[in-house]
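Text of protein_33.cif, listed as mmCIF, C-alpha atoms and all ligand atoms:
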data_my_file
#
loop_
_atom_site.label_atom_id
_atom_site.label_comp_id
_atom_site.auth_asym_id
_atom_site.auth_seq_id
_atom_site.Cartn_x
_atom_site.Cartn_y
_atom_site.Cartn_z
CA MET A 1 -173.27 -1.97 119.45
CA LYS A 2 -174.33 -1.68 115.84
CA ILE A 3 -176.80 -4.47 115.05
CA PRO A 4 -175.75 -6.39 111.92
CA GLN A 5 -178.58 -7.53 109.68
CA ASP A 6 -178.10 -11.21 110.53
CA LEU A 7 -179.03 -10.61 114.18
CA PHE A 8 -182.65 -9.79 113.43
CA SER A 9 -185.31 -11.55 111.36
CA GLU A 10 -188.96 -10.98 110.59
CA PHE A 11 -191.19 -13.84 109.54
CA ASP A 12 -194.69 -14.07 108.18
CA LEU A 13 -196.86 -16.99 109.31
CA GLU A 14 -199.40 -16.39 106.51
CA THR A 15 -196.90 -16.63 103.62
CA GLY A 16 -194.16 -18.72 105.27
CA SER A 17 -191.57 -16.15 104.28
CA LEU A 18 -188.58 -14.96 106.24
CA LYS A 19 -187.34 -11.51 105.23
CA GLY A 20 -184.04 -11.81 103.39
CA ALA A 21 -184.13 -15.61 103.04
CA PRO A 22 -184.84 -17.58 99.86
CA LEU A 23 -188.11 -19.53 99.85
CA ILE A 24 -187.74 -23.20 98.90
CA VAL A 25 -190.97 -24.56 97.43
CA ARG A 26 -191.71 -28.29 97.53
CA ARG A 27 -194.50 -29.38 95.22
CA LEU A 28 -196.18 -32.77 95.00
CA SER A 29 -193.85 -33.68 92.10
CA ASP A 30 -190.81 -33.08 94.35
CA LEU A 31 -192.06 -35.74 96.77
CA GLN A 32 -191.67 -38.79 94.54
CA GLY A 33 -191.12 -41.80 96.81
CA SER A 34 -192.17 -40.03 100.03
CA PHE A 35 -195.82 -41.19 100.26
CA ALA A 36 -196.53 -44.88 100.86
CA ASP A 37 -199.44 -45.21 98.43
CA THR A 38 -197.74 -44.81 95.06
CA LYS A 39 -200.99 -45.31 93.09
CA ALA A 40 -202.71 -42.53 95.04
CA TYR A 41 -199.61 -40.36 94.52
CA GLU A 42 -199.59 -40.84 90.74
CA ALA A 43 -203.36 -40.24 90.56
CA ALA A 44 -203.02 -37.01 92.57
CA LEU A 45 -200.17 -35.82 90.30
CA LYS A 46 -202.43 -36.28 87.27
CA ARG A 47 -204.90 -33.86 88.87
CA GLY A 48 -202.25 -31.18 89.50
CA ASP A 49 -198.98 -30.29 91.17
CA PRO A 50 -199.85 -28.26 94.27
CA ILE A 51 -197.38 -26.81 96.73
CA ILE A 52 -197.11 -29.22 99.68
CA TYR A 53 -194.70 -27.15 101.77
CA THR A 54 -192.24 -24.27 101.79
CA VAL A 55 -189.10 -23.62 103.83
CA ALA A 56 -187.36 -20.28 104.25
CA ALA A 57 -183.97 -20.71 105.89
CA MET A 58 -181.69 -18.10 107.43
CA GLN A 59 -178.17 -19.42 106.95
CA ASP A 60 -176.06 -16.27 107.36
CA VAL A 61 -174.10 -17.13 110.46
CA GLU A 62 -171.17 -19.42 109.79
CA GLY A 63 -168.62 -21.33 111.78
CA GLU A 64 -168.31 -23.29 114.98
CA GLY A 65 -171.06 -22.39 117.46
CA GLY A 66 -173.26 -20.65 114.87
CA LEU A 67 -176.97 -21.40 114.42
CA HIS A 68 -179.21 -21.56 111.38
CA PHE A 69 -182.98 -21.57 111.43
CA GLY A 70 -185.78 -22.28 109.01
CA LEU A 71 -189.47 -21.43 108.86
CA GLY A 72 -191.52 -24.33 107.55
CA ARG A 73 -195.12 -24.15 106.33
CA ILE A 74 -196.97 -27.34 105.31
CA MET A 75 -200.34 -27.19 103.59
CA PRO A 76 -203.16 -29.42 104.92
CA GLY A 77 -204.22 -32.56 103.07
CA ASN A 78 -203.32 -36.19 102.48
CA ILE A 79 -202.28 -38.58 99.73
CA GLY A 80 -204.02 -41.94 99.96
CA GLY A 81 -204.84 -41.17 103.60
CA GLU A 82 -201.24 -40.28 104.55
CA TYR A 83 -201.02 -36.71 105.79
CA HIS A 84 -198.94 -34.13 103.92
CA LEU A 85 -195.34 -34.43 105.00
CA THR A 86 -191.82 -33.12 104.47
CA LYS A 87 -189.21 -35.21 102.64
CA GLY A 88 -187.41 -35.78 105.92
CA HIS A 89 -183.67 -35.95 106.47
CA ILE A 90 -180.86 -36.56 108.92
CA HIS A 91 -178.11 -34.03 109.50
CA SER A 92 -174.92 -34.71 107.54
CA HIS A 93 -173.02 -33.97 110.73
CA ARG A 94 -174.78 -36.77 112.62
CA PRO A 95 -174.41 -35.39 116.21
CA ALA A 96 -176.19 -32.13 115.21
CA SER A 97 -179.51 -31.77 117.01
CA GLU A 98 -182.42 -29.38 116.35
CA VAL A 99 -185.27 -27.69 118.19
CA TYR A 100 -188.65 -27.32 116.48
CA ILE A 101 -191.15 -24.78 117.80
CA GLY A 102 -194.79 -24.89 116.70
CA LEU A 103 -196.24 -21.53 115.60
CA LYS A 104 -199.54 -22.29 113.89
CA GLY A 105 -201.75 -25.27 113.06
CA GLU A 106 -201.49 -28.84 114.23
CA GLY A 107 -199.02 -31.55 113.33
CA MET A 108 -196.53 -34.17 114.40
CA MET A 109 -192.83 -34.87 114.21
CA LEU A 110 -191.83 -38.36 113.18
CA LEU A 111 -188.38 -39.27 114.53
CA GLU A 112 -186.32 -42.36 113.80
CA ASP A 113 -182.98 -43.20 115.36
CA GLU A 114 -180.51 -44.15 112.63
CA ARG A 115 -178.59 -46.48 114.94
CA THR A 116 -181.45 -48.42 116.55
CA GLY A 117 -184.34 -47.90 114.10
CA GLU A 118 -186.56 -46.84 117.01
CA SER A 119 -189.35 -44.37 116.20
CA ALA A 120 -191.00 -41.62 118.20
CA VAL A 121 -193.92 -39.41 117.32
CA LEU A 122 -194.44 -36.06 119.03
CA GLY A 123 -197.12 -33.39 118.68
CA LEU A 124 -196.22 -30.02 117.15
CA LYS A 125 -198.53 -27.04 117.57
CA PRO A 126 -198.34 -23.51 119.04
CA SER A 127 -196.76 -23.46 122.51
CA THR A 128 -194.97 -26.77 122.01
CA ALA A 129 -191.33 -27.53 121.21
CA VAL A 130 -189.79 -30.79 120.01
CA TYR A 131 -186.13 -31.62 120.54
CA VAL A 132 -184.66 -33.70 117.74
CA PRO A 133 -181.51 -35.41 119.03
CA GLY A 134 -178.48 -36.06 116.82
CA HIS A 135 -178.35 -39.25 114.72
CA THR A 136 -182.12 -38.98 114.13
CA PHE A 137 -184.10 -38.86 110.89
CA HIS A 138 -186.91 -36.30 111.19
CA ARG A 139 -190.04 -35.58 109.20
CA THR A 140 -192.84 -33.10 109.89
CA VAL A 141 -196.47 -34.00 109.18
CA ASN A 142 -199.52 -31.71 109.01
CA THR A 143 -202.44 -33.50 110.71
CA GLY A 144 -204.65 -30.40 110.94
CA SER A 145 -207.16 -28.69 108.69
CA GLY A 146 -205.08 -25.53 108.08
CA PRO A 147 -201.40 -24.79 107.37
CA LEU A 148 -198.85 -26.04 109.93
CA VAL A 149 -196.16 -23.43 110.58
CA TYR A 150 -193.05 -24.02 112.70
CA ILE A 151 -189.49 -22.97 113.12
CA GLY A 152 -186.48 -25.26 113.38
CA VAL A 153 -183.16 -24.12 114.86
CA TYR A 154 -180.03 -26.17 114.23
CA PRO A 155 -176.23 -25.85 114.28
CA ALA A 156 -174.73 -23.99 111.32
CA ASN A 157 -172.54 -27.01 110.55
CA ALA A 158 -175.46 -29.54 110.60
CA GLY A 159 -175.86 -30.02 106.83
CA HIS A 160 -178.75 -31.98 105.31
CA ASP A 161 -178.59 -35.58 104.15
CA TYR A 162 -181.74 -36.57 102.21
CA GLY A 163 -180.32 -39.64 100.49
CA ALA A 164 -180.09 -41.95 103.50
CA ILE A 165 -183.86 -41.88 104.17
CA ALA A 166 -184.97 -41.51 100.53
CA GLU A 167 -183.59 -44.99 99.83
CA ARG A 168 -185.89 -46.82 102.25
CA ASN A 169 -188.26 -44.21 103.72
CA PHE A 170 -189.40 -43.96 107.38
CA ARG A 171 -190.52 -47.18 109.08
CA LYS A 172 -193.76 -45.59 110.29
CA VAL A 173 -196.52 -43.63 108.56
CA ILE A 174 -199.08 -41.21 109.99
CA VAL A 175 -202.47 -41.73 108.36
CA ALA A 176 -205.97 -40.35 108.80
CA ARG A 177 -208.44 -42.78 110.40
CA GLU A 178 -211.94 -41.47 111.00
CA GLY A 179 -210.48 -37.99 110.79
CA LYS A 180 -207.82 -38.65 113.43
CA PRO A 181 -204.09 -39.35 113.04
CA LEU A 182 -202.96 -42.95 113.48
CA LEU A 183 -199.34 -44.14 113.59
CA LEU A 184 -198.78 -47.39 111.70
CA PRO A 185 -195.77 -49.46 110.63
CA ARG A 186 -195.27 -48.77 106.90
CA GLU A 187 -195.51 -52.52 106.18
CA ASP A 188 -198.94 -52.79 107.83
CA PHE A 189 -200.27 -49.77 105.93
CA LEU A 190 -198.97 -51.18 102.63
CA LYS A 191 -200.70 -54.53 103.35
CA GLN A 192 -203.96 -52.68 104.09
CA ILE A 193 -203.93 -50.66 100.87
CA ASN A 194 -202.93 -53.64 98.73
CA ARG A 195 -205.83 -55.66 100.14
CA SER A 196 -208.43 -53.02 99.34
C1 LIG B 201 -183.69 -28.11 109.11
C2 LIG B 201 -185.01 -28.74 109.33
C3 LIG B 201 -186.26 -28.06 108.82
C4 LIG B 201 -186.64 -28.75 107.50
C5 LIG B 201 -188.05 -28.45 107.01
C6 LIG B 201 -188.33 -29.11 105.66
O1 LIG B 201 -182.66 -28.92 109.58
O2 LIG B 201 -185.11 -29.82 109.85
O3 LIG B 201 -186.13 -26.69 108.66
O4 LIG B 201 -185.67 -28.44 106.53
O5 LIG B 201 -188.99 -28.95 107.92
O6 LIG B 201 -188.09 -30.48 105.69
P1 LIG B 201 -187.05 -31.18 104.69
O7 LIG B 201 -185.75 -30.43 104.85
O8 LIG B 201 -186.95 -32.58 105.16
O9 LIG B 201 -187.58 -31.03 103.31
MN MN B 202 -183.19 -30.86 110.40
#

Is it possible to express this structure as structure tokens?
Ligand code: F6R
Ligand code: MN
Amino acid sequence: MKIPQDLFSEFDLETGSLKGAPLIVRRLSDLQGSFADTKAYEAALKRGDPIIYTVAAMQDVEGEGGLHFGLGRIMPGNIGGEYHLTKGHIHSHRPASEVYIGLKGEGMMLLEDERTGESAVLGLKPSTAVYVPGHTFHRTVNTGSGPLVYIGVYPANAGHDYGAIAERNFRKVIVAREGKPLLLPREDFLKQINRS
């Protein structure tokens, strides 16, 4: 059997690149509305526009039963105490699920069921995998001191819907408290920062 190019991939954990795949770069300015503390966000943007994360996605295989996968790499840091995060999305084809596999660093997956509003938070680091069921918004958060690198594998027909969550954001936030991650309802965190 001759091996077509789309059956083999090489990825680089240090650069976040996947040979043959375009690298999507998300800078701080691309994350308008994602962080809870808008004042801290605007202040950080005035200081610069660093890369927050990159994604390199292999999307060659098409059709029913096909799989796509993406290599994500999130830089460490926080905005107003909220750890660096991805925009987050739900799959356009709602039943499409996904498996995330941690490759480097330390982080968490924030899940939210679109139908019930229920949240779940799960650790993501090397030797762990997180199953994201269908109908679930998902966001990845870097809670460590170095880059968080992971791979996500999802059906080729999943599609990405960013609009549904961008309108109201996730109900929970993951913030640094005494150097450790703490999960809080967004409302509670907003009350805390508005009081201080
Ligand atoms: C694909 C997937 C991941 C994300 C990546 C970046 O379905 O879930 O590969 O695309 O973690 O996050 P977003 O896409 O939310 O910017
Ligand atoms: Mn996804």

Throw together the list of residues within 7 Å of ligand MN 202 (chain B), counting all atoms listed in the file, and drop it here as a list in words.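 Every residue with an atom at most 7 Å from ligand MN 202 (chain B) is listed here: His89, Ile90, His91, Glu98, His138, Tyr154 and His160 of chain A.
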
Each residue of chain A lying at most 8 Å from ligand LIG 201 (chain B) should get a row with its shortest atom-to-atom pair and the distance in Å to one decimal, counting only C-alpha atoms and all ligand atoms; could you produce that, ordered by chain and increasing number, as a tab-separated table?
residue	atom	partner	partner_atom	distance
A:Arg26	CA	B:LIG201	O9	7.6
A:Tyr53	CA	B:LIG201	C6	7.7
A:Thr54	CA	B:LIG201	C6	7.3
A:Val55	CA	B:LIG201	C6	5.8
A:Ala56	CA	B:LIG201	O3	7.9
A:Ala57	CA	B:LIG201	O3	6.9
A:Phe69	CA	B:LIG201	O3	6.6
A:Gly70	CA	B:LIG201	O3	4.4
A:Leu71	CA	B:LIG201	O3	6.2
A:Gly72	CA	B:LIG201	O5	5.3
A:Arg73	CA	B:LIG201	O5	7.9
A:Thr86	CA	B:LIG201	O6	4.7
A:Lys87	CA	B:LIG201	O8	4.3
A:Gly88	CA	B:LIG201	O8	3.3
A:His89	CA	B:LIG201	O8	4.9
A:Ile90	CA	B:LIG201	O1	7.9
A:His91	CA	B:LIG201	O1	6.8
A:Glu98	CA	B:LIG201	O1	6.8
A:Tyr100	CA	B:LIG201	O2	7.9
A:His138	CA	B:LIG201	O2	6.9
A:Arg139	CA	B:LIG201	O8	5.9
A:Thr140	CA	B:LIG201	O5	6.0
A:Tyr150	CA	B:LIG201	O5	8.0
A:Ile151	CA	B:LIG201	O3	6.7
A:Gly152	CA	B:LIG201	O3	4.9
A:Val153	CA	B:LIG201	C1	7.0
A:Tyr154	CA	B:LIG201	O1	6.0
A:Ala158	CA	B:LIG201	O1	7.3
A:Gly159	CA	B:LIG201	O1	7.4
A:His160	CA	B:LIG201	O1	6.5
A:Tyr162	CA	B:LIG201	O8	7.2

CA of Thr38 in chain A to CA of Asp161 in chain A, distance in Å rounded to a single decimal: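 Separation between CA of Thr38 in chain A and CA of Asp161 in chain A: 23.1 Å.
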
Please report the interatomic distance between CA of Arg171 in chain A and CA of Ala129 in chain A in Å with one decimal.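 Here the two named atoms are 23.1 Å from each other.
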
Calculate how many Å separate CA of Ser29 in chain A from CA of Leu45 in chain A, rounding to one decimal.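 Going from CA of Ser29 in chain A over to CA of Leu45 in chain A covers 6.9 Å.
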
In terms of the shortest atom-to-atom distance over only C-alpha atoms, which of A:Leu67, A:Ala120, A:Leu148, A:Leu28 is closest to Arg47 in chain A?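 Nearest to Arg47 in chain A: A:Leu28.
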
Which residues are close to range 173-181 of chain A, i.e. within 12 Å by only C-alpha atoms, leaving aside same-chain residues fewer than 2 positions away? Reply as JSON, numbers by chain. {"A": [34, 35, 36, 37, 76, 77, 78, 79, 80, 81, 82, 83, 84, 85, 106, 107, 108, 109, 110, 111, 112, 119, 120, 121, 122, 123, 139, 140, 141, 142, 143, 144, 145, 169, 170, 171, 183, 184, 185, 186, 187, 188, 189, 190, 192, 193]}
